[in-house]
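Undergrad: CSV, C-alpha atoms, saved as coords12.csv, coming up:
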chain,number,residue,atom,x,y,z
A,1,MET,CA,-28.0,14.1,2.8
A,2,LYS,CA,-26.3,14.6,-0.6
A,3,ILE,CA,-23.8,17.1,-1.8
A,4,PHE,CA,-24.2,18.8,-5.1
A,5,ALA,CA,-22.1,21.6,-6.8
A,6,ILE,CA,-22.2,24.1,-9.6
A,7,SER,CA,-20.3,27.3,-10.0
A,8,ASP,CA,-19.8,30.4,-12.1
A,9,LEU,CA,-23.5,31.3,-12.5
A,10,HIS,CA,-22.5,34.9,-13.5
A,11,LEU,CA,-26.1,36.1,-12.8
A,12,SER,CA,-27.0,39.7,-13.7
A,13,ILE,CA,-30.8,40.2,-13.2
A,14,ASN,CA,-30.4,43.8,-11.9
A,15,ASN,CA,-28.1,44.9,-14.8
A,16,PRO,CA,-28.4,42.3,-17.5
A,17,LYS,CA,-25.2,41.0,-19.0
A,18,PRO,CA,-26.1,38.4,-21.6
A,19,MET,CA,-23.8,35.4,-21.3
A,20,ASN,CA,-24.8,33.8,-24.6
A,21,ILE,CA,-22.1,36.0,-26.3
A,22,PHE,CA,-19.7,33.4,-25.0
A,23,GLY,CA,-21.4,30.5,-26.8
A,24,GLU,CA,-24.5,28.4,-27.3
A,25,VAL,CA,-24.0,26.6,-24.0
A,26,TRP,CA,-25.0,29.9,-22.2
A,27,GLU,CA,-28.3,30.2,-24.1
A,28,GLY,CA,-31.1,29.9,-21.4
A,29,TYR,CA,-28.5,28.4,-19.0
A,30,GLU,CA,-30.2,29.8,-15.9
A,31,GLU,CA,-33.5,27.9,-16.5
A,32,LYS,CA,-31.5,24.7,-17.4
A,33,ILE,CA,-29.7,24.9,-14.1
A,34,PHE,CA,-32.8,25.6,-12.0
A,35,THR,CA,-34.8,22.8,-13.8
A,36,ASP,CA,-32.0,20.3,-13.1
A,37,TRP,CA,-31.7,21.6,-9.5
A,38,LYS,CA,-35.4,21.0,-8.8
A,39,LYS,CA,-35.1,17.4,-10.1
A,40,LYS,CA,-32.1,16.4,-8.0
A,41,VAL,CA,-32.0,18.4,-4.8
A,42,THR,CA,-34.1,18.0,-1.7
A,43,ASP,CA,-34.3,20.3,1.3
A,44,GLU,CA,-32.0,17.9,3.2
A,45,ASP,CA,-29.2,18.3,0.6
A,46,ILE,CA,-26.4,20.8,0.2
A,47,VAL,CA,-25.5,22.8,-2.9
A,48,LEU,CA,-22.0,24.2,-3.2
A,49,LEU,CA,-21.5,27.4,-5.3
A,50,ALA,CA,-17.8,27.9,-5.8
A,51,GLY,CA,-17.6,31.6,-6.8
A,52,ASP,CA,-18.6,34.1,-9.5
A,53,PHE,CA,-22.2,34.1,-8.5
A,54,SER,CA,-23.2,37.6,-9.7
A,55,TRP,CA,-21.9,40.3,-12.0
A,56,ALA,CA,-23.3,43.0,-9.6
A,57,MET,CA,-20.8,45.6,-8.3
A,58,LYS,CA,-22.7,46.4,-5.1
A,59,LEU,CA,-24.1,44.0,-2.5
A,60,GLU,CA,-27.6,45.4,-2.7
A,61,ASP,CA,-27.7,44.9,-6.4
A,62,THR,CA,-27.4,41.1,-5.9
A,63,LYS,CA,-30.8,40.8,-4.3
A,64,LYS,CA,-32.6,39.7,-7.5
A,65,ASP,CA,-29.9,37.2,-8.3
A,66,PHE,CA,-30.2,35.7,-4.8
A,67,ASP,CA,-34.0,35.7,-5.1
A,68,LEU,CA,-33.7,33.3,-8.0
A,69,LEU,CA,-32.1,30.7,-5.6
A,70,LYS,CA,-33.8,31.4,-2.3
A,71,ASP,CA,-36.8,29.1,-2.9
A,72,LEU,CA,-34.8,26.3,-4.5
A,73,PRO,CA,-34.4,23.2,-2.3
A,74,GLY,CA,-31.3,22.6,-0.3
A,75,LYS,CA,-28.8,24.5,1.8
A,76,LYS,CA,-26.8,26.8,-0.5
A,77,ILE,CA,-23.1,27.6,0.4
A,78,ILE,CA,-21.1,30.1,-1.5
A,79,ILE,CA,-17.5,31.3,-1.7
A,80,ARG,CA,-16.1,34.4,-3.4
A,81,GLY,CA,-14.9,34.3,-7.0
A,82,ASN,CA,-12.7,36.7,-8.9
A,83,HIS,CA,-15.7,38.5,-10.4
A,84,ASP,CA,-17.8,38.8,-7.2
A,85,TYR,CA,-17.0,42.5,-6.9
A,86,TRP,CA,-20.0,43.0,-4.7
A,87,TRP,CA,-18.5,40.8,-2.0
A,88,LYS,CA,-16.9,43.1,0.5
A,89,SER,CA,-16.8,42.1,4.2
A,90,ILE,CA,-18.0,38.6,5.1
A,91,SER,CA,-20.2,40.0,7.9
A,92,SER,CA,-22.1,42.2,5.5
A,93,VAL,CA,-22.5,39.3,3.0
A,94,ARG,CA,-23.8,37.0,5.7
A,95,ALA,CA,-26.3,39.6,7.0
A,96,PHE,CA,-27.6,40.1,3.5
A,97,LEU,CA,-28.1,36.5,2.4
A,98,PRO,CA,-31.6,35.0,2.4
A,99,ALA,CA,-32.5,32.2,4.8
A,100,GLY,CA,-31.0,28.9,3.8
A,101,MET,CA,-27.9,30.5,2.2
A,102,TYR,CA,-24.4,30.5,3.8
A,103,ALA,CA,-21.1,32.2,3.0
A,104,ILE,CA,-17.7,30.9,3.7
A,105,GLN,CA,-14.5,33.0,3.7
A,106,ASN,CA,-11.4,31.2,5.1
A,107,ASP,CA,-13.5,29.4,7.7
A,108,ALA,CA,-15.8,26.4,7.8
A,109,LEU,CA,-19.4,25.2,8.5
A,110,LYS,CA,-20.6,21.8,9.6
A,111,PHE,CA,-23.9,20.1,8.5
A,112,GLY,CA,-24.4,16.7,9.9
A,113,ASN,CA,-21.3,14.7,9.1
A,114,TYR,CA,-20.1,17.1,6.4
A,115,ILE,CA,-17.7,19.9,7.0
A,116,ILE,CA,-17.6,22.5,4.2
A,117,CYS,CA,-14.6,25.0,4.1
A,118,GLY,CA,-13.2,27.2,1.4
A,119,THR,CA,-11.4,30.2,0.0
A,120,ARG,CA,-10.9,31.9,-3.4
A,121,GLY,CA,-7.4,30.7,-4.3
A,122,TRP,CA,-5.3,32.1,-7.1
A,123,SER,CA,-3.8,31.1,-10.4
A,124,VAL,CA,-1.2,28.4,-10.1
A,125,PRO,CA,1.7,29.0,-12.6
A,126,GLU,CA,2.8,26.4,-15.1
A,127,GLU,CA,6.2,24.8,-14.5
A,128,ASN,CA,9.1,27.2,-15.0
A,129,ALA,CA,6.7,30.1,-15.4
A,130,VAL,CA,7.7,33.3,-13.6
A,131,GLN,CA,5.0,35.0,-11.5
A,132,THR,CA,4.8,38.7,-11.3
A,133,ALA,CA,5.5,40.3,-7.9
A,134,GLU,CA,1.8,41.1,-7.5
A,135,ASP,CA,0.7,37.5,-8.5
A,136,LYS,CA,3.2,36.0,-6.1
A,137,LYS,CA,1.9,38.3,-3.3
A,138,ILE,CA,-1.7,37.3,-3.9
A,139,TYR,CA,-0.8,33.6,-4.4
A,140,ASP,CA,1.1,33.5,-1.1
A,141,ARG,CA,-1.8,35.2,0.7
A,142,GLU,CA,-4.3,32.7,-0.6
A,143,VAL,CA,-2.1,29.8,0.5
A,144,ILE,CA,-2.3,31.2,4.0
A,145,ARG,CA,-6.0,31.6,3.7
A,146,LEU,CA,-6.4,28.1,2.5
A,147,GLU,CA,-4.6,26.8,5.6
A,148,MET,CA,-6.8,29.0,7.8
A,149,THR,CA,-10.0,27.4,6.4
A,150,LEU,CA,-8.6,23.9,6.7
A,151,GLN,CA,-7.5,24.5,10.3
A,152,THR,CA,-11.0,25.6,11.1
A,153,ALA,CA,-12.5,22.6,9.4
A,154,MET,CA,-10.2,20.3,11.6
A,155,LYS,CA,-11.6,21.9,14.7
A,156,PHE,CA,-15.0,20.7,13.8
A,157,LYS,CA,-14.0,17.2,12.6
A,158,GLU,CA,-15.0,14.1,14.5
A,159,GLU,CA,-14.8,10.5,13.6
A,160,GLY,CA,-16.7,9.7,10.4
A,161,ASP,CA,-16.9,13.3,9.2
A,162,LYS,CA,-16.1,14.2,5.6
A,163,VAL,CA,-14.3,17.5,4.7
A,164,ILE,CA,-15.1,19.1,1.4
A,165,CYS,CA,-13.0,22.2,0.4
A,166,MET,CA,-14.3,24.8,-2.1
A,167,MET,CA,-11.9,26.9,-4.1
A,168,HIS,CA,-12.8,29.2,-7.0
A,169,TYR,CA,-9.5,28.9,-8.8
A,170,PRO,CA,-8.2,25.5,-9.7
A,171,PRO,CA,-5.8,24.3,-7.0
A,172,CYS,CA,-3.2,23.2,-9.5
A,173,ASN,CA,-2.1,24.1,-13.1
A,174,PHE,CA,-3.3,22.6,-16.4
A,175,HIS,CA,-0.7,19.8,-16.1
A,176,LYS,CA,-2.1,18.8,-12.6
A,177,GLN,CA,1.3,19.4,-11.0
A,178,ASP,CA,1.7,19.7,-7.3
A,179,SER,CA,1.2,23.1,-5.8
A,180,ASP,CA,1.2,24.8,-2.4
A,181,PHE,CA,-2.6,24.4,-2.5
A,182,THR,CA,-2.6,20.7,-3.2
A,183,ALA,CA,0.1,20.2,-0.6
A,184,LEU,CA,-2.2,21.7,2.0
A,185,LEU,CA,-5.2,19.8,0.8
A,186,GLU,CA,-3.2,16.6,1.2
A,187,LYS,CA,-1.7,17.6,4.6
A,188,TYR,CA,-5.2,18.1,6.0
A,189,ASN,CA,-6.5,15.0,4.3
A,190,VAL,CA,-9.7,16.5,2.7
A,191,ASP,CA,-12.2,14.1,1.2
A,192,ALA,CA,-13.0,16.2,-2.0
A,193,VAL,CA,-12.2,19.5,-3.6
A,194,VAL,CA,-14.7,21.6,-5.6
A,195,TYR,CA,-13.6,24.4,-7.9
A,196,GLY,CA,-14.7,26.5,-10.9
A,197,HIS,CA,-13.3,29.5,-12.8
A,198,LEU,CA,-12.4,27.6,-16.0
A,199,HIS,CA,-14.6,28.2,-19.1
A,200,GLY,CA,-14.8,27.0,-22.6
A,201,TYR,CA,-12.1,24.3,-22.5
A,202,LYS,CA,-12.8,21.1,-24.6
A,203,LYS,CA,-9.9,19.0,-23.2
A,204,VAL,CA,-10.1,19.2,-19.5
A,205,ASN,CA,-11.1,16.6,-16.9
A,206,LEU,CA,-14.2,17.4,-15.0
A,207,ARG,CA,-13.2,15.0,-12.3
A,208,TYR,CA,-9.8,13.6,-11.5
A,209,VAL,CA,-8.0,12.1,-8.6
A,210,LYS,CA,-4.7,13.4,-7.4
A,211,ASN,CA,-2.9,11.7,-4.5
A,212,ASN,CA,-6.1,10.1,-3.4
A,213,ILE,CA,-8.2,13.3,-3.4
A,214,PRO,CA,-11.0,13.7,-6.0
A,215,TYR,CA,-11.2,17.1,-7.6
A,216,TYR,CA,-14.4,18.4,-9.3
A,217,LEU,CA,-14.6,21.2,-11.9
A,218,THR,CA,-18.1,22.6,-11.6
A,219,SER,CA,-18.2,25.7,-13.9
A,220,CYS,CA,-21.8,25.6,-15.2
A,221,ASP,CA,-20.9,25.8,-18.9
A,222,MET,CA,-18.4,23.0,-18.4
A,223,VAL,CA,-20.9,20.6,-16.8
A,224,ASP,CA,-23.7,21.3,-19.3
A,225,ASN,CA,-25.6,23.4,-16.8
A,226,LYS,CA,-26.3,20.5,-14.5
A,227,LEU,CA,-25.5,20.1,-10.9
A,228,ILE,CA,-22.7,17.6,-10.1
A,229,GLU,CA,-23.1,15.2,-7.2
A,230,ILE,CA,-19.9,15.1,-5.0
A,231,ASP,CA,-19.2,11.6,-4.0
A,232,VAL,CA,-17.3,11.2,-0.8
Starting from the file, give its structure as structure tokens.
TA:
Amino acid sequence: MKIFAISDLHLSINNPKPMNIFGEVWEGYEEKIFTDWKKKVTDEDIVLLAGDFSWAMKLEDTKKDFDLLKDLPGKKIIIRGNHDYWWKSISSVRAFLPAGMYAIQNDALKFGNYIICGTRGWSVPEENAVQTAEDKKIYDREVIRLEMTLQTAMKFKEEGDKVICMMHYPPCNFHKQDSDFTALLEKYNVDAVVYGHLHGYKKVNLRYVKNNIPYYLTSCDMVDNKLIEIDV
């Protein structure tokens, strides 16, 4: 079993929203992703999708977007991104997903020796930056939610298991400074972190190690529309 990841697909089959207005990398990006997916992934593998899956506003309008993935190999696991407005209650999302697709929201799932957990997260301020009251409220709430998902993961963990945490937002700021999120990831000794959200940056590390934990940026435009294998 291998673990792959790619995020921020921003699909919009029901109500087309062309992504190529954001640059050439988005030209025909869906086909590039699916072609690479078919080359790399088997039915025994797992593909992590760390948020911003669809531009749809209502859950029922995501059907055609999910239809694009349902016949692709592998088990697909998604978390909510900041643009997934269609994502309301986790129970309704799980009931709607096609077979072979799973949703995580502040909890965890186990497949073989891999435990996948995750939450959306929030923007981590730069050093000495002042958060607005609303940002601070959301940030603090997301810290609580991260610990919830990590605590659930630990309930599943047995000797030899690997824990991979998905977040949509980066768990630290651009200078890779410690944050409440990274402190929790270290406290619970996760084996890898997958995140997305960032787009269009030329000088950013796609993979880096912070305090012995590897972090993977998987926004599709940042990884040349190819799935990234997560090495744990």
Undergrad: Out of A:Leu97, A:Ile13, A:Leu72, A:Ile33, which residue has the shortest atom-to-atom distance to A:Leu59 when counting only C-alpha atoms?
TA: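 Using only C-alpha atoms, the shortest distance to A:Leu59 belongs to A:Leu97.
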Undergrad: Using only C-alpha atoms and a cutoff of 8 Å, can you tell me which residues are near (-19.5, 15.8, -0.5) in the file's coordinates, and write them out as number ranges by chain?
TA: A: 2-4, 114, 162-164, 191-192, 229-232
Undergrad: Could you please determine the separation between atom CA of A:Tyr169 and atom CA of A:Lys64 in Å, to one decimal place?
TA: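 Straight-line distance from atom CA of A:Tyr169 to atom CA of A:Lys64 works out to 25.5 Å.
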Undergrad: Rank A:Asp36, A:Leu11, A:His197, A:Lys202 by their smallest atom-to-atom distance to A:Ile228, using only C-alpha atoms, and report the top residue only.
TA: A:Asp36
Undergrad: Suppose you want the space between atom CA of A:Val193 and atom CA of A:Gln105; what is it in Å?
TA: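 So the two atoms, atom CA of A:Val193 and atom CA of A:Gln105, lie 15.5 Å apart.
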Undergrad: Tell me which protein, DNA and RNA residues are within 10 Å of A:Asp52, counting all atoms listed in the file, leaving out same-chain ones fewer than 4 positions away, and put them as a PDB file with C-alpha atoms, keeping the file's coordinate frame.
TA:
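Written file, out35.pdb:
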ATOM      1  CA  SER A   7     -20.300  27.300 -10.000  1.00  0.00           C
ATOM      2  CA  ASP A   8     -19.800  30.400 -12.100  1.00  0.00           C
ATOM      3  CA  LEU A   9     -23.500  31.300 -12.500  1.00  0.00           C
ATOM      4  CA  HIS A  10     -22.500  34.900 -13.500  1.00  0.00           C
ATOM      5  CA  LEU A  11     -26.100  36.100 -12.800  1.00  0.00           C
ATOM      6  CA  ILE A  78     -21.100  30.100  -1.500  1.00  0.00           C
ATOM      7  CA  ILE A  79     -17.500  31.300  -1.700  1.00  0.00           C
ATOM      8  CA  ARG A  80     -16.100  34.400  -3.400  1.00  0.00           C
ATOM      9  CA  GLY A  81     -14.900  34.300  -7.000  1.00  0.00           C
ATOM     10  CA  ASN A  82     -12.700  36.700  -8.900  1.00  0.00           C
ATOM     11  CA  HIS A  83     -15.700  38.500 -10.400  1.00  0.00           C
ATOM     12  CA  ASP A  84     -17.800  38.800  -7.200  1.00  0.00           C
ATOM     13  CA  TYR A  85     -17.000  42.500  -6.900  1.00  0.00           C
ATOM     14  CA  HIS A 168     -12.800  29.200  -7.000  1.00  0.00           C
ATOM     15  CA  GLY A 196     -14.700  26.500 -10.900  1.00  0.00           C
ATOM     16  CA  HIS A 197     -13.300  29.500 -12.800  1.00  0.00           C
ATOM     17  CA  SER A 219     -18.200  25.700 -13.900  1.00  0.00           C
TER      18      SER A 219
END
Undergrad: What is the distance between atom CA of A:Trp55 and atom CA of A:Ile138, in Å to one decimal?
TA: 22.0 Å
Undergrad: In terms of the shortest atom-to-atom distance over all atoms listed in the file, which of A:Gln177, A:Ser92, A:Thr152, A:Gln131 is closest to A:Ala108?
TA: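 Smallest separation from A:Ala108 among the options: A:Thr152.
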Undergrad: Can you work out which one of A:Cys172, A:Leu146, A:Gly160, A:Pro214 has the shortest atom-to-atom distance to A:Tyr188, counting only C-alpha atoms?
TA: A:Leu146
Undergrad: For A:Val223, list every protein, DNA or RNA residue within 10 Å, evaluated using only C-alpha atoms, and leave out those in the same chain fewer than 5 positions away; present the list as a PyMOL selection string.
TA: chain A and resi 6-7+25+206+217-218+228
